[in-house]
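S.K.: Following this line is coords32.cif, made up of mmCIF, C-alpha atoms:
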data_data
#
loop_
_atom_site.group_PDB
_atom_site.id
_atom_site.type_symbol
_atom_site.label_atom_id
_atom_site.label_comp_id
_atom_site.auth_asym_id
_atom_site.auth_seq_id
_atom_site.Cartn_x
_atom_site.Cartn_y
_atom_site.Cartn_z
ATOM 1 C CA MET A 1074 218.833 109.135 56.937
ATOM 2 C CA LEU A 1075 217.252 106.011 55.550
ATOM 3 C CA GLY A 1076 213.501 106.195 55.868
ATOM 4 C CA TYR A 1077 213.759 109.949 56.477
ATOM 5 C CA ASN A 1078 214.152 112.666 53.852
ATOM 6 C CA ALA A 1079 217.949 112.335 53.724
ATOM 7 C CA GLY A 1080 218.314 108.779 52.390
ATOM 8 C CA ARG A 1081 218.963 107.987 48.711
ATOM 9 C CA CYS A 1082 219.502 104.636 47.035
ATOM 10 C CA ALA A 1083 222.457 104.124 44.745
ATOM 11 C CA LEU A 1084 222.946 101.180 42.387
ATOM 12 C CA ALA A 1085 224.879 99.118 44.915
ATOM 13 C CA GLY A 1086 224.776 101.185 48.059
ATOM 14 C CA ILE A 1087 222.905 103.561 50.309
ATOM 15 C CA ILE A 1088 223.968 107.140 50.853
ATOM 16 C CA VAL A 1089 223.625 107.933 54.542
ATOM 17 C CA SER A 1090 223.694 111.474 55.835
ATOM 18 C CA HIS A 1091 224.898 111.800 59.408
ATOM 19 C CA ARG A 1092 223.984 114.936 61.305
ATOM 20 C CA ALA A 1093 226.574 115.896 63.858
ATOM 21 C CA PRO A 1094 225.261 116.108 67.438
ATOM 22 C CA GLY A 1095 223.683 119.491 67.963
ATOM 23 C CA ALA A 1096 223.755 120.375 64.263
ATOM 24 C CA LEU A 1097 220.866 122.451 62.988
ATOM 25 C CA ALA A 1098 218.779 121.890 59.913
ATOM 26 C CA GLY A 1099 220.467 123.487 56.936
ATOM 27 C CA GLU A 1100 223.977 123.041 58.269
ATOM 28 C CA LYS A 1101 226.420 121.026 56.169
ATOM 29 C CA GLN A 1102 226.116 117.345 56.958
ATOM 30 C CA GLY A 1103 228.577 114.502 56.554
ATOM 31 C CA ALA A 1104 227.642 111.764 54.106
ATOM 32 C CA GLU A 1105 228.915 108.309 53.359
ATOM 33 C CA VAL A 1106 227.847 105.416 51.201
ATOM 34 C CA ILE A 1107 227.026 102.019 52.615
ATOM 35 C CA GLN A 1108 228.299 99.770 49.839
ATOM 36 C CA PHE A 1109 226.487 96.454 49.638
ATOM 37 C CA ASP A 1110 228.531 94.981 46.790
ATOM 38 C CA PRO A 1111 231.490 93.974 48.990
ATOM 39 C CA ILE A 1112 229.380 92.855 51.983
ATOM 40 C CA LYS A 1113 230.206 89.240 52.777
ATOM 41 C CA LEU A 1114 228.952 89.086 56.359
ATOM 42 C CA VAL A 1115 226.367 90.893 58.486
ATOM 43 C CA SER A 1116 226.634 91.098 62.275
ATOM 44 C CA TRP A 1117 223.690 91.996 64.478
ATOM 45 C CA ASP A 1118 223.534 93.678 67.855
ATOM 46 C CA VAL A 1119 220.839 92.179 70.095
ATOM 47 C CA ASP A 1120 219.624 94.434 72.913
ATOM 48 C CA GLY A 1121 217.718 97.373 71.473
ATOM 49 C CA THR A 1122 218.186 96.163 67.900
ATOM 50 C CA LEU A 1123 216.497 92.787 67.534
ATOM 51 C CA TYR A 1124 213.942 93.771 70.160
ATOM 52 C CA SER A 1125 212.785 96.951 71.881
ATOM 53 C CA LEU A 1126 214.543 97.583 75.181
ATOM 54 C CA GLY A 1127 211.779 99.953 76.253
ATOM 55 C CA HIS A 1128 209.077 97.315 75.770
ATOM 56 C CA MET A 1129 211.232 94.679 77.467
ATOM 57 C CA LYS A 1130 211.780 96.896 80.521
ATOM 58 C CA TRP A 1131 208.027 97.490 80.757
ATOM 59 C CA ARG A 1132 207.469 93.713 80.765
ATOM 60 C CA LEU A 1133 210.166 93.372 83.404
ATOM 61 C CA MET A 1134 208.460 95.973 85.575
ATOM 62 C CA CYS A 1135 205.181 94.052 85.317
ATOM 63 C CA MET A 1136 206.974 90.894 86.419
ATOM 64 C CA PHE A 1137 208.534 92.751 89.347
ATOM 65 C CA LEU A 1138 205.185 94.152 90.494
ATOM 66 C CA SER A 1139 203.734 90.660 90.321
ATOM 67 C CA GLU A 1140 206.492 89.463 92.664
ATOM 68 C CA VAL A 1141 205.802 92.370 95.013
ATOM 69 C CA ALA A 1142 202.124 91.447 95.076
ATOM 70 C CA ARG A 1143 202.908 87.906 96.178
ATOM 71 C CA GLY A 1144 205.351 89.067 98.873
ATOM 72 C CA ALA A 1145 208.651 88.377 97.074
ATOM 73 C CA GLY A 1146 209.498 91.999 96.273
ATOM 74 C CA LEU A 1147 212.576 92.248 98.508
ATOM 75 C CA SER A 1148 214.336 89.151 97.163
ATOM 76 C CA THR A 1149 213.514 90.174 93.599
ATOM 77 C CA ALA A 1150 214.844 93.691 94.183
ATOM 78 C CA LYS A 1151 218.102 92.222 95.508
ATOM 79 C CA GLU A 1152 218.517 90.127 92.353
ATOM 80 C CA PHE A 1153 217.860 93.136 90.118
ATOM 81 C CA ALA A 1154 220.384 95.166 92.131
ATOM 82 C CA ALA A 1155 223.023 92.446 91.645
ATOM 83 C CA LEU A 1156 222.420 92.477 87.895
ATOM 84 C CA ARG A 1157 222.704 96.278 87.815
ATOM 85 C CA ARG A 1158 226.004 96.189 89.709
ATOM 86 C CA TYR A 1159 227.430 93.697 87.222
ATOM 87 C CA ARG A 1160 226.344 95.841 84.266
ATOM 88 C CA ALA A 1161 227.903 98.876 85.960
ATOM 89 C CA ARG A 1162 231.256 97.073 86.108
ATOM 90 C CA ILE A 1163 230.976 96.197 82.418
ATOM 91 C CA ASP A 1164 230.189 99.841 81.652
ATOM 92 C CA ALA A 1165 233.251 100.947 83.606
ATOM 93 C CA GLY A 1166 235.375 98.912 81.200
ATOM 94 C CA ARG A 1167 233.408 100.348 78.282
ATOM 95 C CA LEU A 1168 234.232 103.891 79.334
ATOM 96 C CA ALA A 1169 237.893 102.924 79.558
ATOM 97 C CA GLY A 1170 237.935 101.808 75.924
ATOM 98 C CA GLY A 1171 236.053 98.544 76.043
ATOM 99 C CA ALA A 1172 238.462 96.188 77.817
ATOM 100 C CA VAL A 1173 236.706 94.103 80.468
ATOM 101 C CA ALA A 1174 238.627 93.663 83.714
ATOM 102 C CA GLU A 1175 240.166 90.205 84.013
ATOM 103 C CA SER A 1176 238.744 89.879 87.506
ATOM 104 C CA LEU A 1177 235.265 90.297 86.051
ATOM 105 C CA LEU A 1178 235.876 87.608 83.419
ATOM 106 C CA LYS A 1179 236.678 85.175 86.226
ATOM 107 C CA HIS A 1180 233.867 86.375 88.468
ATOM 108 C CA ASP A 1181 232.802 83.416 90.623
ATOM 109 C CA ASP A 1182 229.191 84.539 90.674
ATOM 110 C CA ARG A 1183 228.868 85.030 86.890
ATOM 111 C CA GLU A 1184 226.943 81.796 86.335
ATOM 112 C CA ILE A 1185 224.602 82.679 89.190
ATOM 113 C CA LEU A 1186 224.030 86.102 87.632
ATOM 114 C CA LEU A 1187 223.484 84.510 84.230
ATOM 115 C CA GLU A 1188 220.816 82.264 85.707
ATOM 116 C CA MET A 1189 219.128 85.375 87.117
ATOM 117 C CA GLU A 1190 219.265 86.945 83.649
ATOM 118 C CA ARG A 1191 217.663 83.891 82.083
ATOM 119 C CA ARG A 1192 214.959 83.798 84.738
ATOM 120 C CA TRP A 1193 214.007 87.467 84.462
ATOM 121 C CA TYR A 1194 215.165 88.804 81.104
ATOM 122 C CA GLY A 1195 214.304 85.658 79.137
ATOM 123 C CA PRO A 1196 210.507 85.719 79.747
ATOM 124 C CA ALA A 1197 210.396 89.520 79.391
ATOM 125 C CA ILE A 1198 212.150 89.312 76.010
ATOM 126 C CA GLN A 1199 209.892 86.468 74.899
ATOM 127 C CA LYS A 1200 206.800 88.524 75.703
ATOM 128 C CA THR A 1201 208.318 91.525 73.903
ATOM 129 C CA GLY A 1202 209.177 89.587 70.736
ATOM 130 C CA PRO A 1203 211.353 90.685 67.805
ATOM 131 C CA ARG A 1204 210.967 94.147 66.322
ATOM 132 C CA ALA A 1205 208.531 94.337 63.430
ATOM 133 C CA GLY A 1206 210.228 93.482 60.158
ATOM 134 C CA VAL A 1207 213.499 92.268 61.626
ATOM 135 C CA THR A 1208 212.898 88.616 60.722
ATOM 136 C CA ASP A 1209 212.102 89.693 57.149
ATOM 137 C CA VAL A 1210 215.467 91.460 56.874
ATOM 138 C CA ILE A 1211 217.234 88.400 58.277
ATOM 139 C CA SER A 1212 215.436 86.185 55.752
ATOM 140 C CA PHE A 1213 216.222 88.576 52.917
ATOM 141 C CA LEU A 1214 219.937 88.545 53.671
ATOM 142 C CA ALA A 1215 219.846 84.756 53.969
ATOM 143 C CA SER A 1216 218.236 84.590 50.531
ATOM 144 C CA ARG A 1217 221.287 86.448 49.238
ATOM 145 C CA ASP A 1218 223.515 83.780 50.821
ATOM 146 C CA ILE A 1219 225.014 86.405 53.131
ATOM 147 C CA PRO A 1220 226.022 84.765 56.427
ATOM 148 C CA GLN A 1221 224.842 86.485 59.596
ATOM 149 C CA VAL A 1222 226.197 86.435 63.131
ATOM 150 C CA VAL A 1223 225.329 88.008 66.455
ATOM 151 C CA LEU A 1224 227.789 90.426 68.035
ATOM 152 C CA SER A 1225 226.570 91.394 71.485
ATOM 153 C CA ASP A 1226 228.234 92.774 74.592
ATOM 154 C CA TYR A 1227 226.197 90.435 76.784
ATOM 155 C CA GLU A 1228 225.116 86.799 76.797
ATOM 156 C CA ALA A 1229 222.810 86.367 73.830
ATOM 157 C CA GLU A 1230 221.960 82.707 73.317
ATOM 158 C CA TYR A 1231 218.984 82.622 75.693
ATOM 159 C CA LYS A 1232 217.753 85.940 74.263
ATOM 160 C CA LEU A 1233 217.797 84.580 70.719
ATOM 161 C CA SER A 1234 215.893 81.501 71.910
ATOM 162 C CA SER A 1235 213.326 83.762 73.589
ATOM 163 C CA LEU A 1236 212.926 85.666 70.310
ATOM 164 C CA GLY A 1237 212.659 82.493 68.229
ATOM 165 C CA LEU A 1238 215.826 83.437 66.330
ATOM 166 C CA ALA A 1239 218.340 80.932 67.720
ATOM 167 C CA ALA A 1240 218.711 79.055 64.419
ATOM 168 C CA ARG A 1241 219.070 82.126 62.213
ATOM 169 C CA PHE A 1242 222.729 82.931 62.890
ATOM 170 C CA GLU A 1243 225.954 81.102 62.103
ATOM 171 C CA ALA A 1244 227.806 82.216 65.225
ATOM 172 C CA ILE A 1245 227.316 84.193 68.435
ATOM 173 C CA TYR A 1246 230.038 86.523 69.703
ATOM 174 C CA VAL A 1247 229.711 87.722 73.305
ATOM 175 C CA GLY A 1248 231.948 90.620 74.255
ATOM 176 C CA GLU A 1249 231.884 90.051 77.999
ATOM 177 C CA ARG A 1250 233.290 86.545 77.450
ATOM 178 C CA LEU A 1251 235.840 87.669 74.870
ATOM 179 C CA GLY A 1252 237.135 90.366 77.201
ATOM 180 C CA PHE A 1253 236.129 93.379 75.102
ATOM 181 C CA VAL A 1254 232.836 95.218 74.703
ATOM 182 C CA LYS A 1255 231.816 97.952 72.289
ATOM 183 C CA PRO A 1256 233.111 100.475 71.371
ATOM 184 C CA SER A 1257 236.278 98.395 71.305
ATOM 185 C CA PRO A 1258 237.103 97.409 67.708
ATOM 186 C CA VAL A 1259 238.587 94.094 68.912
ATOM 187 C CA VAL A 1260 235.323 92.140 68.760
ATOM 188 C CA PHE A 1261 234.645 93.308 65.192
ATOM 189 C CA GLN A 1262 238.187 92.435 64.152
ATOM 190 C CA ARG A 1263 237.745 88.985 65.700
ATOM 191 C CA VAL A 1264 234.611 88.331 63.654
ATOM 192 C CA ALA A 1265 236.243 89.443 60.403
ATOM 193 C CA ALA A 1266 239.300 87.290 61.116
ATOM 194 C CA ASP A 1267 237.218 84.214 61.940
ATOM 195 C CA PHE A 1268 235.355 84.475 58.625
ATOM 196 C CA GLU A 1269 238.553 85.391 56.758
ATOM 197 C CA ILE A 1270 237.152 88.589 55.266
ATOM 198 C CA SER A 1271 238.337 92.187 55.202
ATOM 199 C CA ALA A 1272 236.825 94.468 57.815
ATOM 200 C CA SER A 1273 235.156 96.559 55.100
ATOM 201 C CA SER A 1274 233.222 93.455 54.006
ATOM 202 C CA LEU A 1275 231.471 93.301 57.389
ATOM 203 C CA LEU A 1276 228.245 95.250 57.863
ATOM 204 C CA HIS A 1277 227.090 95.694 61.448
ATOM 205 C CA ILE A 1278 223.494 96.577 62.322
ATOM 206 C CA GLY A 1279 222.918 98.120 65.750
ATOM 207 C CA ASP A 1280 221.049 100.775 67.680
ATOM 208 C CA ARG A 1281 223.786 102.745 69.464
ATOM 209 C CA ALA A 1282 226.062 105.145 67.600
ATOM 210 C CA ASP A 1283 228.332 105.508 70.634
ATOM 211 C CA ARG A 1284 228.827 101.753 70.891
ATOM 212 C CA ASP A 1285 227.926 99.916 67.687
ATOM 213 C CA ASP A 1286 228.962 102.566 65.191
ATOM 214 C CA SER A 1287 232.076 103.730 67.037
ATOM 215 C CA GLY A 1288 233.401 100.199 67.432
ATOM 216 C CA ALA A 1289 232.554 99.112 63.893
ATOM 217 C CA ARG A 1290 234.078 102.210 62.287
ATOM 218 C CA ALA A 1291 237.225 101.922 64.399
ATOM 219 C CA ALA A 1292 237.649 98.377 63.082
ATOM 220 C CA GLY A 1293 237.087 99.501 59.480
ATOM 221 C CA CYS A 1294 233.630 97.916 59.190
ATOM 222 C CA GLN A 1295 230.445 99.406 57.784
ATOM 223 C CA CYS A 1296 227.540 100.111 60.105
ATOM 224 C CA LEU A 1297 223.848 100.995 60.049
ATOM 225 C CA ILE A 1298 222.152 102.403 63.145
ATOM 226 C CA LEU A 1299 218.437 101.955 63.824
ATOM 227 C CA GLY A 1300 216.772 105.324 64.364
ATOM 228 C CA ARG A 1301 219.624 107.222 62.759
ATOM 229 C CA ASP A 1302 220.221 105.584 59.381
ATOM 230 C CA PHE A 1303 216.835 103.905 58.943
ATOM 231 C CA ARG A 1304 213.497 104.419 60.664
ATOM 232 C CA ASN A 1305 212.500 100.778 61.053
ATOM 233 C CA PHE A 1306 213.193 97.367 59.545
ATOM 234 C CA GLU A 1307 210.332 97.591 57.056
ATOM 235 C CA THR A 1308 212.065 100.662 55.619
ATOM 236 C CA LEU A 1309 215.432 98.917 55.543
ATOM 237 C CA LEU A 1310 213.918 95.908 53.770
ATOM 238 C CA ASP A 1311 212.310 98.103 51.116
ATOM 239 C CA LEU A 1312 215.617 99.858 50.462
ATOM 240 C CA MET A 1313 217.469 96.556 50.236
ATOM 241 C CA SER A 1314 214.887 95.265 47.766
ATOM 242 C CA GLN A 1315 215.633 98.291 45.548
ATOM 243 C CA ILE A 1316 219.337 97.538 45.706
ATOM 244 C CA PHE A 1317 218.713 93.866 44.913
ATOM 245 C CA PRO A 1318 215.746 94.099 42.510
ATOM 246 C CA GLY A 1319 216.160 90.512 41.340
ATOM 247 C CA LEU A 1320 214.689 89.166 44.559
ATOM 248 C CA ALA A 1321 211.107 89.475 45.637
ATOM 249 C CA VAL A 1322 210.500 90.815 49.109
ATOM 250 C CA LYS A 1323 208.491 88.272 51.082
ATOM 251 C CA ARG A 1324 206.090 89.646 53.667
#
Let's see the structure in the file written out as structure tokens.
M.R.:
Amino acid sequence: MLGYNAGRCALAGIIVSHRAPGALAGEKQGAEVIQFDPIKLVSWDVDGTLYSLGHMKWRLMCMFLSEVARGAGLSTAKEFAALRRYRARIDAGRLAGGAVAESLLKHDDREILLEMERRWYGPAIQKTGPRAGVTDVISFLASRDIPQVVLSDYEAEYKLSSLGLAARFEAIYVGERLGFVKPSPVVFQRVAADFEISASSLLHIGDRADRDDSGARAAGCQCLILGRDFRNFETLLDLMSQIFPGLAVKR
């Protein structure tokens, strides 16, 4: 794993060892090479990748307790419950392969729910901020003239604005609006087609092997998973700087 004792840098790629679930130390592991030479586009997951979901949820809990203290706990709880029910319906489609029900795409209350998201998730994400080192990786890839996009299951524009990253990406792809969420390969195929590149030239960076990696691999894309393939973004930046030694790493 990158940043662990299993990662090794090659001239134009990174060898990533993937331990099968439940595998023990010493057992034979699968290995693959992330080849950076053919990478023409990088897509980023948002929730859990660009920022910490755990820290965001803690901020959200603080906001909720503040509402309880001023006597608005019941109405706030109802809004949170509505958001959870919507996510549950998205997850039902995810478990069925990633196709979002057409009735959900035309949900009359979606804009109301989105406003709730902006009101609650937006400030919590802003207080959480981007993960350490993630903006440096984004800048490094930009210095290589590698275009970057966002590929998220959920609405992402307000989240990027909250993180101060709205101007860093060339396009934003939202699965729930496109009708497919990860692990469906459709969203990855759509991105590759829009940029007129082969799927293997797309590198996706995410935090969920069951969603990001499964969908990317099914589409023929390359994928790196935070916490599995690299420890943190400082580690990833250092490894990229070894692969591209001609560029200085700016801190």
S.K.: Could you tell me, as a list in words, exactly which residues end up selected when the PyMOL selection byres ((chain A and resi 1199) around 9) is applied to this structure?
M.R.: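 Taken over the shown coordinates, the PyMOL selection byres ((chain A and resi 1199) around 9) returns Met1129, Tyr1194, Gly1195, Pro1196, Ala1197, Ile1198, Lys1200, Thr1201, Gly1202, Pro1203, Lys1232, Ser1234, Ser1235, Leu1236 and Gly1237 of chain A.
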S.K.: Ranking A:Ile1219, A:Ala1161, A:Cys1294, A:Ala1169 by minimum distance to Pro1258 of chain A and counting all atoms listed in the file, which one comes first?
M.R.: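 For Pro1258 of chain A, the nearest of the candidates is A:Cys1294.
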S.K.: Considering only C-alpha atoms, can you say which of A:Leu1275, A:Leu1133, A:Val1264, A:Val1247 comes closest to Val1173 of chain A?
M.R.: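 Under the stated criterion, the closest residue is A:Val1247.
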S.K.: Rounded to one decimal, what separation in Å do you get between atom CA of Ala1205 of chain A and atom CA of Tyr1124 of chain A?
M.R.: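 Separation of atom CA of Ala1205 of chain A and atom CA of Tyr1124 of chain A: 8.7 Å.
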S.K.: Counting all atoms listed in the file, note down every residue that has an atom within 10 Å of the point (234.4, 90.3, 75.8) (file coordinates), as a list in words.
M.R.: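 Result, sorted by chain then residue number: Ile1163, Gly1171, Ala1172, Val1173, Ala1174, Leu1178, Ser1225, Asp1226, Tyr1227, Glu1228, Tyr1246, Val1247, Gly1248, Glu1249, Arg1250, Leu1251, Gly1252, Phe1253, Val1254, Lys1255, Ser1257, Val1259 and Val1260 of chain A.
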S.K.: How far is it from atom CA of Leu1276 of chain A to atom CA of Cys1296 of chain A, in Å with one decimal?
M.R.: 5.4 Å
S.K.: On this structure, which residues satisfy the PyMOL selection byres ((chain A and resi 1209) around 12), written as a list in words?
M.R.: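 With the PyMOL selection byres ((chain A and resi 1209) around 12) on this model, the match is Leu1123, Pro1203, Arg1204, Ala1205, Gly1206, Val1207, Thr1208, Val1210, Ile1211, Ser1212, Phe1213, Leu1214, Ala1215, Ser1216, Leu1238, Arg1241, Asn1305, Phe1306, Glu1307, Thr1308, Leu1309, Leu1310, Asp1311, Met1313, Ser1314, Ala1321, Val1322, Lys1323 and Arg1324 of chain A.
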